[in-house]
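Visitor: Contents of entry_15.cif (mmCIF, C-alpha atoms) are given next:
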data_start
loop_
_atom_site.label_atom_id
_atom_site.label_comp_id
_atom_site.auth_asym_id
_atom_site.auth_seq_id
_atom_site.Cartn_x
_atom_site.Cartn_y
_atom_site.Cartn_z
CA MET A 1 42.64 44.13 10.54
CA SER A 2 42.24 44.17 6.74
CA ALA A 3 38.49 44.62 7.21
CA ILE A 4 39.13 47.66 9.41
CA THR A 5 41.41 49.34 6.85
CA ALA A 6 38.88 48.57 4.09
CA LEU A 7 36.09 50.06 6.22
CA LEU A 8 38.22 53.15 6.87
CA ALA A 9 39.01 53.49 3.16
CA GLY A 10 35.29 53.26 2.30
CA LEU A 11 34.42 55.83 4.96
CA LEU A 12 37.08 58.26 3.72
CA PHE A 13 35.98 57.70 0.12
CA GLY A 14 32.38 58.57 1.05
CA ILE A 15 33.44 61.67 2.99
CA GLY A 16 35.58 62.79 0.04
CA LEU A 17 32.65 62.36 -2.35
CA MET A 18 30.38 64.43 -0.09
CA VAL A 19 32.92 67.23 0.56
CA SER A 20 33.87 67.49 -3.10
CA GLY A 21 30.29 67.80 -4.35
CA MET A 22 30.51 64.60 -6.44
CA ALA A 23 27.70 63.03 -4.40
CA ASN A 24 25.25 65.65 -5.68
CA PRO A 25 23.94 64.86 -9.20
CA VAL A 26 23.10 68.52 -9.92
CA LYS A 27 26.75 69.41 -9.32
CA VAL A 28 27.91 66.58 -11.60
CA LEU A 29 25.52 67.62 -14.38
CA GLY A 30 26.72 71.22 -13.98
CA PHE A 31 30.22 69.92 -14.70
CA LEU A 32 29.07 67.88 -17.71
CA ASP A 33 27.13 70.83 -19.16
CA LEU A 34 29.85 72.53 -21.18
CA ALA A 35 27.38 74.42 -23.35
CA GLY A 36 25.36 75.78 -20.42
CA ARG A 37 26.63 77.51 -17.30
CA TRP A 38 29.67 75.33 -16.74
CA ASP A 39 30.79 74.47 -13.20
CA PRO A 40 34.42 73.23 -13.50
CA SER A 41 34.64 72.23 -9.79
CA LEU A 42 34.78 68.51 -10.39
CA ALA A 43 37.98 68.81 -12.41
CA PHE A 44 39.54 69.84 -9.09
CA VAL A 45 38.33 66.59 -7.51
CA MET A 46 40.27 64.63 -10.11
CA VAL A 47 43.37 66.80 -9.62
CA GLY A 48 43.33 66.30 -5.83
CA ALA A 49 42.61 62.57 -6.01
CA ILE A 50 45.21 61.85 -8.70
CA ALA A 51 47.88 63.94 -6.94
CA ILE A 52 47.62 61.71 -3.85
CA GLY A 53 46.85 58.57 -5.84
CA SER A 54 49.94 58.79 -8.06
CA VAL A 55 52.23 58.86 -5.00
CA ALA A 56 50.35 55.95 -3.42
CA PHE A 57 50.52 53.81 -6.57
CA LEU A 58 54.20 54.64 -7.07
CA LEU A 59 54.81 53.14 -3.61
CA ALA A 60 52.40 50.25 -4.22
CA LYS A 61 54.06 49.24 -7.51
CA ARG A 62 57.37 48.66 -5.73
CA ARG A 63 55.83 46.14 -3.33
CA GLN A 64 54.85 42.48 -3.71
CA HIS A 65 52.76 42.66 -0.54
CA SER A 66 50.70 45.30 1.20
CA LEU A 67 51.60 46.74 4.61
CA LEU A 68 49.33 44.06 6.09
CA GLY A 69 51.17 41.33 4.16
CA LEU A 70 48.37 40.79 1.63
CA PRO A 71 49.24 40.22 -2.04
CA MET A 72 49.43 43.46 -4.04
CA GLN A 73 46.70 42.99 -6.67
CA LEU A 74 47.21 45.67 -9.29
CA PRO A 75 45.56 45.37 -12.71
CA THR A 76 47.80 43.90 -15.44
CA ASN A 77 45.45 44.39 -18.40
CA THR A 78 46.75 47.04 -20.81
CA VAL A 79 44.75 46.11 -23.92
CA ILE A 80 42.30 48.63 -25.33
CA THR A 81 39.33 46.61 -26.53
CA PRO A 82 35.89 47.37 -28.01
CA ARG A 83 34.47 46.14 -24.68
CA LEU A 84 36.39 48.84 -22.84
CA VAL A 85 35.27 51.63 -25.17
CA ILE A 86 31.63 50.52 -25.63
CA GLY A 87 31.24 49.79 -21.91
CA SER A 88 32.68 53.20 -21.01
CA ALA A 89 30.38 54.91 -23.52
CA LEU A 90 27.29 53.18 -22.04
CA PHE A 91 28.45 54.18 -18.57
CA GLY A 92 28.95 57.79 -19.71
CA ILE A 93 25.43 57.94 -21.18
CA GLY A 94 23.98 56.73 -17.86
CA TRP A 95 26.20 59.13 -15.91
CA GLY A 96 25.09 62.09 -18.03
CA THR A 97 21.42 61.07 -17.75
CA ALA A 98 21.11 60.90 -13.96
CA GLY A 99 24.34 62.55 -12.73
CA PHE A 100 25.29 59.46 -10.71
CA CYS A 101 28.30 57.19 -11.06
CA PRO A 102 28.59 54.13 -8.75
CA GLY A 103 30.27 55.72 -5.67
CA PRO A 104 28.06 58.80 -5.35
CA ALA A 105 24.94 56.66 -5.94
CA LEU A 106 25.90 54.49 -2.94
CA VAL A 107 26.51 57.61 -0.81
CA ALA A 108 23.10 59.02 -1.76
CA LEU A 109 21.59 55.60 -0.99
CA GLY A 110 23.13 55.82 2.48
CA ALA A 111 21.60 59.28 2.83
CA GLY A 112 18.20 57.66 2.16
CA TYR A 113 17.19 59.24 -1.17
CA PRO A 114 14.54 56.95 -2.75
CA LYS A 115 15.72 57.64 -6.32
CA ALA A 116 19.28 56.73 -5.30
CA ILE A 117 17.98 53.40 -3.99
CA GLY A 118 16.22 52.89 -7.34
CA PHE A 119 19.40 53.80 -9.22
CA VAL A 120 21.52 51.34 -7.19
CA LEU A 121 18.99 48.51 -7.70
CA ALA A 122 18.95 49.19 -11.47
CA MET A 123 22.77 49.34 -11.44
CA ALA A 124 22.95 45.98 -9.64
CA ALA A 125 20.53 44.58 -12.24
CA GLY A 126 22.84 45.82 -15.02
CA MET A 127 25.80 44.14 -13.32
CA LEU A 128 23.86 40.88 -12.97
CA VAL A 129 22.91 40.96 -16.67
CA PHE A 130 26.63 41.32 -17.43
CA GLU A 131 27.37 38.25 -15.25
CA VAL A 132 24.67 36.18 -16.99
CA LEU A 133 25.87 37.21 -20.47
CA GLU A 134 29.49 36.46 -19.57
CA ARG A 135 28.60 33.04 -18.17
CA SER A 136 26.50 32.06 -21.18
CA LYS A 137 29.38 33.16 -23.45
CA ALA A 138 31.81 31.01 -21.45
CA ARG A 139 29.40 28.06 -21.75
CA VAL A 140 29.19 28.47 -25.54
CA ALA A 141 32.98 28.72 -25.74
CA ARG A 142 33.35 25.43 -23.77
CA ALA A 143 30.77 23.57 -25.87
CA MET B 1 31.59 80.42 -25.76
CA LEU B 2 32.31 78.91 -22.36
CA LEU B 3 30.29 80.41 -19.51
CA ILE B 4 31.68 79.61 -16.06
CA ASP B 5 29.05 79.20 -13.35
CA LEU B 6 30.88 81.19 -10.66
CA GLY B 7 27.93 81.00 -8.26
CA ASN B 8 28.33 77.25 -7.86
CA PHE B 9 32.10 77.02 -8.41
CA THR B 10 33.77 75.35 -5.39
CA PRO B 11 37.43 74.77 -6.30
CA GLY B 12 38.67 74.64 -2.68
CA LEU B 13 36.11 72.16 -1.36
CA SER B 14 36.33 70.05 -4.51
CA LEU B 15 40.13 69.91 -4.31
CA ALA B 16 39.92 69.03 -0.59
CA GLY B 17 37.34 66.32 -1.26
CA GLY B 18 39.51 64.99 -4.08
CA ILE B 19 42.49 64.77 -1.73
CA VAL B 20 40.39 62.76 0.76
CA ILE B 21 39.34 60.43 -2.07
CA GLY B 22 43.02 60.04 -2.99
CA VAL B 23 43.87 59.20 0.64
CA ALA B 24 41.07 56.60 0.67
CA ALA B 25 42.49 54.96 -2.47
CA ALA B 26 45.97 55.10 -0.90
CA VAL B 27 44.76 53.37 2.29
CA LEU B 28 43.09 50.58 0.33
CA VAL B 29 46.03 49.87 -1.97
CA LEU B 30 48.79 50.21 0.63
CA PHE B 31 47.07 48.20 3.40
CA ASN B 32 44.82 45.83 1.44
CA GLY B 33 46.64 45.70 -1.90
CA ARG B 34 43.39 46.42 -3.71
CA ILE B 35 42.10 49.02 -6.15
CA ALA B 36 39.41 51.42 -4.88
CA GLY B 37 37.13 50.90 -7.86
CA ILE B 38 33.53 51.07 -6.72
CA SER B 39 31.96 49.24 -9.69
CA GLY B 40 34.53 46.43 -9.34
CA ILE B 41 34.08 46.14 -5.57
CA LEU B 42 30.28 45.95 -5.92
CA GLY B 43 30.42 43.83 -9.07
CA GLY B 44 32.67 41.32 -7.30
CA LEU B 45 29.93 40.77 -4.73
CA LEU B 46 27.41 40.01 -7.47
CA SER B 47 29.74 37.59 -9.27
CA LEU B 48 30.25 33.84 -8.85
CA PRO B 49 32.24 32.20 -7.38
CA ARG B 50 32.11 34.55 -4.42
CA ARG B 51 35.54 35.17 -2.97
CA ASP B 52 37.23 37.77 -0.78
CA MET B 53 33.89 39.10 0.35
CA THR B 54 35.08 40.57 3.64
CA TRP B 55 37.04 43.59 2.43
CA ARG B 56 34.43 44.37 -0.22
CA VAL B 57 31.58 44.36 2.29
CA ALA B 58 33.66 46.35 4.80
CA PHE B 59 34.52 49.00 2.19
CA LEU B 60 30.89 49.33 1.07
CA ILE B 61 29.69 49.62 4.69
CA GLY B 62 32.14 52.51 5.12
CA LEU B 63 31.04 54.16 1.88
CA ILE B 64 27.31 53.86 2.61
CA GLY B 65 27.91 54.66 6.30
CA ALA B 66 29.68 57.95 5.53
CA PRO B 67 26.47 59.93 4.92
CA VAL B 68 24.83 58.26 7.94
CA LEU B 69 27.73 59.42 10.12
CA ALA B 70 27.68 62.89 8.54
CA ALA B 71 23.95 63.20 9.30
CA LEU B 72 24.61 62.28 12.95
CA PHE B 73 27.05 65.20 13.08
CA GLY B 74 24.40 67.51 11.62
CA MET B 75 25.84 67.55 8.08
CA PRO B 76 23.41 65.52 5.94
CA ALA B 77 24.59 64.66 2.42
CA LYS B 78 22.77 66.70 -0.20
CA ALA B 79 21.73 64.98 -3.42
CA ASP B 80 19.51 66.99 -5.77
CA ILE B 81 18.24 64.38 -8.24
CA GLN B 82 16.45 66.08 -11.12
CA ALA B 83 16.13 63.00 -13.33
CA SER B 84 12.70 61.34 -13.51
CA TRP B 85 12.15 57.85 -12.11
CA GLY B 86 12.28 56.40 -15.62
CA GLU B 87 15.56 58.17 -16.36
CA VAL B 88 17.02 57.08 -13.02
CA LEU B 89 16.26 53.42 -13.69
CA VAL B 90 17.55 53.43 -17.28
CA ALA B 91 20.67 55.36 -16.22
CA GLY B 92 21.34 52.96 -13.33
CA PHE B 93 21.10 49.95 -15.64
CA LEU B 94 23.46 51.54 -18.21
CA VAL B 95 25.96 52.46 -15.48
CA GLY B 96 25.83 48.91 -14.07
CA ILE B 97 26.34 47.00 -17.32
CA GLY B 98 28.65 49.63 -18.86
CA THR B 99 31.09 49.79 -15.94
CA ARG B 100 31.34 45.98 -15.81
CA TYR B 101 32.16 45.71 -19.52
CA ALA B 102 34.60 48.60 -19.16
CA GLY B 103 36.14 47.00 -16.06
CA GLY B 104 35.86 50.19 -14.04
CA CYS B 105 34.21 53.55 -13.46
CA THR B 106 35.15 57.03 -12.31
CA SER B 107 37.07 55.64 -9.33
CA GLY B 108 38.75 52.52 -10.74
CA HIS B 109 39.71 53.98 -14.12
CA GLY B 110 39.41 57.72 -13.48
CA VAL B 111 41.25 58.00 -10.15
CA CYS B 112 43.22 54.78 -9.59
CA GLY B 113 43.92 53.94 -13.24
CA ILE B 114 45.19 57.38 -14.20
CA SER B 115 47.22 57.49 -10.96
CA ARG B 116 48.88 54.22 -12.03
CA GLY B 117 49.69 55.75 -15.41
CA SER B 118 47.46 53.26 -17.27
CA ILE B 119 46.73 54.25 -20.87
CA ARG B 120 43.81 51.79 -20.89
CA SER B 121 42.23 53.66 -17.97
CA LEU B 122 42.91 57.02 -19.62
CA VAL B 123 41.06 55.81 -22.75
CA ALA B 124 38.15 54.60 -20.60
CA THR B 125 38.02 57.91 -18.71
CA LEU B 126 38.13 60.06 -21.86
CA THR B 127 35.39 57.86 -23.36
CA PHE B 128 32.95 58.05 -20.45
CA MET B 129 33.60 61.77 -19.98
CA ALA B 130 32.97 62.42 -23.69
CA ALA B 131 29.78 60.32 -23.53
CA GLY B 132 28.70 62.24 -20.42
CA PHE B 133 29.33 65.65 -22.02
CA LEU B 134 27.52 64.55 -25.18
CA THR B 135 24.53 63.13 -23.26
CA VAL B 136 24.05 66.34 -21.27
CA PHE B 137 24.39 68.41 -24.46
CA VAL B 138 21.70 66.33 -26.18
CA THR B 139 19.30 66.19 -23.21
CA HIS B 140 19.74 69.81 -22.03
CA HIS B 141 20.25 71.71 -25.27
CA LEU B 142 18.83 69.67 -28.15
CA ILE B 143 15.83 67.84 -26.65
CA GLY B 144 15.08 69.58 -23.37
CA ALA B 145 15.84 73.14 -24.52
#
Would you kindly transcribe this structure into structure tokens?

Guide:
Amino acid sequence: MSAITALLAGLLFGIGLMVSGMANPVKVLGFLDLAGRWDPSLAFVMVGAIAIGSVAFLLAKRRQHSLLGLPMQLPTNTVITPRLVIGSALFGIGWGTAGFCPGPALVALGAGYPKAIGFVLAMAAGMLVFEVLERSKARVARA
Amino acid sequence: MLLIDLGNFTPGLSLAGGIVIGVAAAVLVLFNGRIAGISGILGGLLSLPRRDMTWRVAFLIGLIGAPVLAALFGMPAKADIQASWGEVLVAGFLVGIGTRYAGGCTSGHGVCGISRGSIRSLVATLTFMAAGFLTVFVTHHLIGA
């Protein structure tokens, strides 16, 4: 059952990205181009998503378990670290370069765009480099 | 001077799409107790030890399947990718490593984090948006002009 709700959530997420225009890099870059002809549409995506999301998380925070009885796993980290800021900055540079963030890239991959497949493979490589660096750091810390 | 691109401005569709994204995040947190953060869901699959794979794989199948389904209904997803192959690969790598260090992306920090009222996520979102604005300014108006 939990796999079905996760599948449904993923499907809805993908549909939302397509309808909103987020899945199209040109649209995203039009939003990020303040000094050119600015397309503010994507601010409306955030407004719509956060309006629904804030109600959902208000309900979720009151529960120890989900509606399916699974543990409610909400983030507890509140510390603002250099990792958070530098990581976000690197992400923003990549986002502004290609117009893709992770969700839309996966949608465009599903639509069969070769460059989206390339982007996702490079993104997975970046994530694997993070894993390797984290593991070697943990090894040094143990030694 | 801010010039609004009225020809491409789609407030209604973008708001509607945003609401659907919000519903998706609501379904995942209320039924599965998990955050709809795409970089975290994918990153968790690439991390060891592998655990709770099922919901991650199911979510990603839905996400990647959405455009396949849309195409079957005669509404193929449109993605106009103007970046060169070199730019695409460098950008993908930066997005992959950056989101993992940041612990989230547009969905995990931008949508879910801000919805939770997390200051940490707000800082992350303002940072990647600022970096995105700055990158486009540099590439479109300083170098590529």

Visitor: Measure the distance from atom CA of A:Gly126 to atom CA of A:Trp95 in Å and round it to one decimal.

Guide: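 Value for the atom CA of A:Gly126-atom CA of A:Trp95 distance: 13.8 Å.
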
Visitor: Closest to B:Ser121 among A:Ala23, A:Leu84, A:Ile4, A:Ile117, using all atoms listed in the file?

Guide: A:Leu84

Visitor: Would you pick out the contacts of A:Val47 at 9 Å or less, using all atoms listed in the file, so that residues sharing its chain but fewer than 5 positions from it are not included, and give the list as a list in words?

Guide: Leu42 and Ile52 of chain A; Leu15, Gly18 and Ile19 of chain B

Visitor: Please compute the atom CA of B:Ser39-atom CA of A:Leu90 distance, one decimal, in Å.

Guide: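 It comes out at 13.8 Å.
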
Visitor: With the file shown as input, list the residues that the PyMOL selection byres ((chain B and resi 55) around 10) selects, as a compact mmCIF listing (two decimals) with C-alpha atoms, keeping the file's coordinate frame.

Guide:
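Everything below was put into part.txt:
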# COMPACT_ATOMS: atom_id res chain seq x y z
CA MET A 1 42.64 44.13 10.54
CA SER A 2 42.24 44.17 6.74
CA ALA A 3 38.49 44.62 7.21
CA ILE A 4 39.13 47.66 9.41
CA THR A 5 41.41 49.34 6.85
CA ALA A 6 38.88 48.57 4.09
CA LEU A 7 36.09 50.06 6.22
CA GLY A 10 35.29 53.26 2.30
CA LEU B 28 43.09 50.58 0.33
CA ASN B 32 44.82 45.83 1.44
CA ARG B 34 43.39 46.42 -3.71
CA ILE B 41 34.08 46.14 -5.57
CA ASP B 52 37.23 37.77 -0.78
CA MET B 53 33.89 39.10 0.35
CA THR B 54 35.08 40.57 3.64
CA ARG B 56 34.43 44.37 -0.22
CA VAL B 57 31.58 44.36 2.29
CA ALA B 58 33.66 46.35 4.80
CA PHE B 59 34.52 49.00 2.19
CA LEU B 60 30.89 49.33 1.07
CA ILE B 61 29.69 49.62 4.69

Visitor: Please, which residues in stretch 21-109 of chain A fall within 9 Å of stretch 130-144 of chain B when counting only C-alpha atoms, and what is the closest atom pair and distance in Å to one decimal for each, ordered by chain then residue number, as a Markdown table?

Guide:
| residue | atom | partner | partner_atom | distance |
| --- | --- | --- | --- | --- |
| A:Leu29 | CA | B:Val136 | CA | 7.2 |
| A:Phe31 | CA | B:Phe133 | CA | 8.5 |
| A:Leu32 | CA | B:Phe133 | CA | 4.9 |
| A:Asp33 | CA | B:Val136 | CA | 5.8 |
| A:Leu34 | CA | B:Phe133 | CA | 7.0 |
| A:Ala35 | CA | B:Phe137 | CA | 6.8 |
| A:Gly36 | CA | B:His141 | CA | 8.1 |
| A:Ser88 | CA | B:Ala131 | CA | 8.1 |
| A:Ala89 | CA | B:Ala131 | CA | 5.4 |
| A:Leu90 | CA | B:Ala131 | CA | 7.7 |
| A:Phe91 | CA | B:Ala131 | CA | 8.0 |
| A:Gly92 | CA | B:Gly132 | CA | 4.5 |
| A:Ile93 | CA | B:Gly132 | CA | 5.5 |
| A:Gly94 | CA | B:Gly132 | CA | 7.7 |
| A:Trp95 | CA | B:Gly132 | CA | 6.0 |
| A:Gly96 | CA | B:Gly132 | CA | 4.3 |
| A:Thr97 | CA | B:Thr135 | CA | 6.7 |
| A:Gly99 | CA | B:Gly132 | CA | 8.8 |

Visitor: Take the residues from that selection and put them in a file with C-alpha atoms, as an mmCIF file, keeping the file's coordinate frame.

Guide:
data_model
loop_
_atom_site.group_PDB
_atom_site.id
_atom_site.type_symbol
_atom_site.label_atom_id
_atom_site.label_comp_id
_atom_site.auth_asym_id
_atom_site.auth_seq_id
_atom_site.Cartn_x
_atom_site.Cartn_y
_atom_site.Cartn_z
ATOM 1 C CA LEU A 29 25.520 67.620 -14.380
ATOM 2 C CA PHE A 31 30.220 69.920 -14.700
ATOM 3 C CA LEU A 32 29.070 67.880 -17.710
ATOM 4 C CA ASP A 33 27.130 70.830 -19.160
ATOM 5 C CA LEU A 34 29.850 72.530 -21.180
ATOM 6 C CA ALA A 35 27.380 74.420 -23.350
ATOM 7 C CA GLY A 36 25.360 75.780 -20.420
ATOM 8 C CA SER A 88 32.680 53.200 -21.010
ATOM 9 C CA ALA A 89 30.380 54.910 -23.520
ATOM 10 C CA LEU A 90 27.290 53.180 -22.040
ATOM 11 C CA PHE A 91 28.450 54.180 -18.570
ATOM 12 C CA GLY A 92 28.950 57.790 -19.710
ATOM 13 C CA ILE A 93 25.430 57.940 -21.180
ATOM 14 C CA GLY A 94 23.980 56.730 -17.860
ATOM 15 C CA TRP A 95 26.200 59.130 -15.910
ATOM 16 C CA GLY A 96 25.090 62.090 -18.030
ATOM 17 C CA THR A 97 21.420 61.070 -17.750
ATOM 18 C CA GLY A 99 24.340 62.550 -12.730
#

Visitor: If you measure from atom CA of A:Ala125 to atom CA of B:Gly96, what distance in Å do you get, rounded to one decimal?

Guide: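 Computed distance, atom CA of A:Ala125 to atom CA of B:Gly96, equals 7.1 Å.
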
Visitor: Which residue, B:Ala91, B:Val123, B:Ile114, B:Leu69, has the smallest gap to chain A when you use only C-alpha atoms?

Guide: B:Ala91

Visitor: Tell me which of A:Ala111, A:Leu128, A:Leu58, A:Leu17 sits closest to B:Ser115, counting all atoms listed in the file.

Guide: A:Leu58

Visitor: Please tell me which residues are no farther than 10 Å from (38.2, 69.8, 4.9) in the file, counting all atoms listed in the file, and write them as a PyMOL selection string.

Guide: (chain A and resi 15-16+19-20) or (chain B and resi 12-17+19-20)

Visitor: Could you tell me, as a ChimeraX atom specification, exactly which residues end up selected when the PyMOL selection byres ((chain B and resi 119) around 12) is applied to this structure?

Guide: /A:76-80,84 /B:109-110,112-118,120-126

Visitor: Between A:Ala138, A:Leu133, A:Leu67, A:Met22, single out the one closest to chain B, counting only C-alpha atoms.

Guide: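 Under the stated criterion, the closest residue is A:Leu67.
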
Visitor: For a quick check of understanding, using all atoms listed in the file, which of B:Leu45, B:Val111, B:Leu3, B:Ile38 has the smallest distance to B:Leu63?

Guide: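 Of B:Leu45, B:Val111, B:Leu3, B:Ile38, the one nearest B:Leu63 is B:Ile38, counting all atoms listed in the file.
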
Visitor: Evaluating the PyMOL selection byres ((chain A and resi 60) around 9) on the displayed file yields which residues, as a list in words?

Guide: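 That expression, the PyMOL selection byres ((chain A and resi 60) around 9), corresponds here to Val55, Ala56, Phe57, Leu58, Leu59, Lys61, Arg62, Arg63, Gln64, His65, Ser66, Met72 and Leu74 of chain A; Ala26, Val29, Leu30 and Gly33 of chain B.
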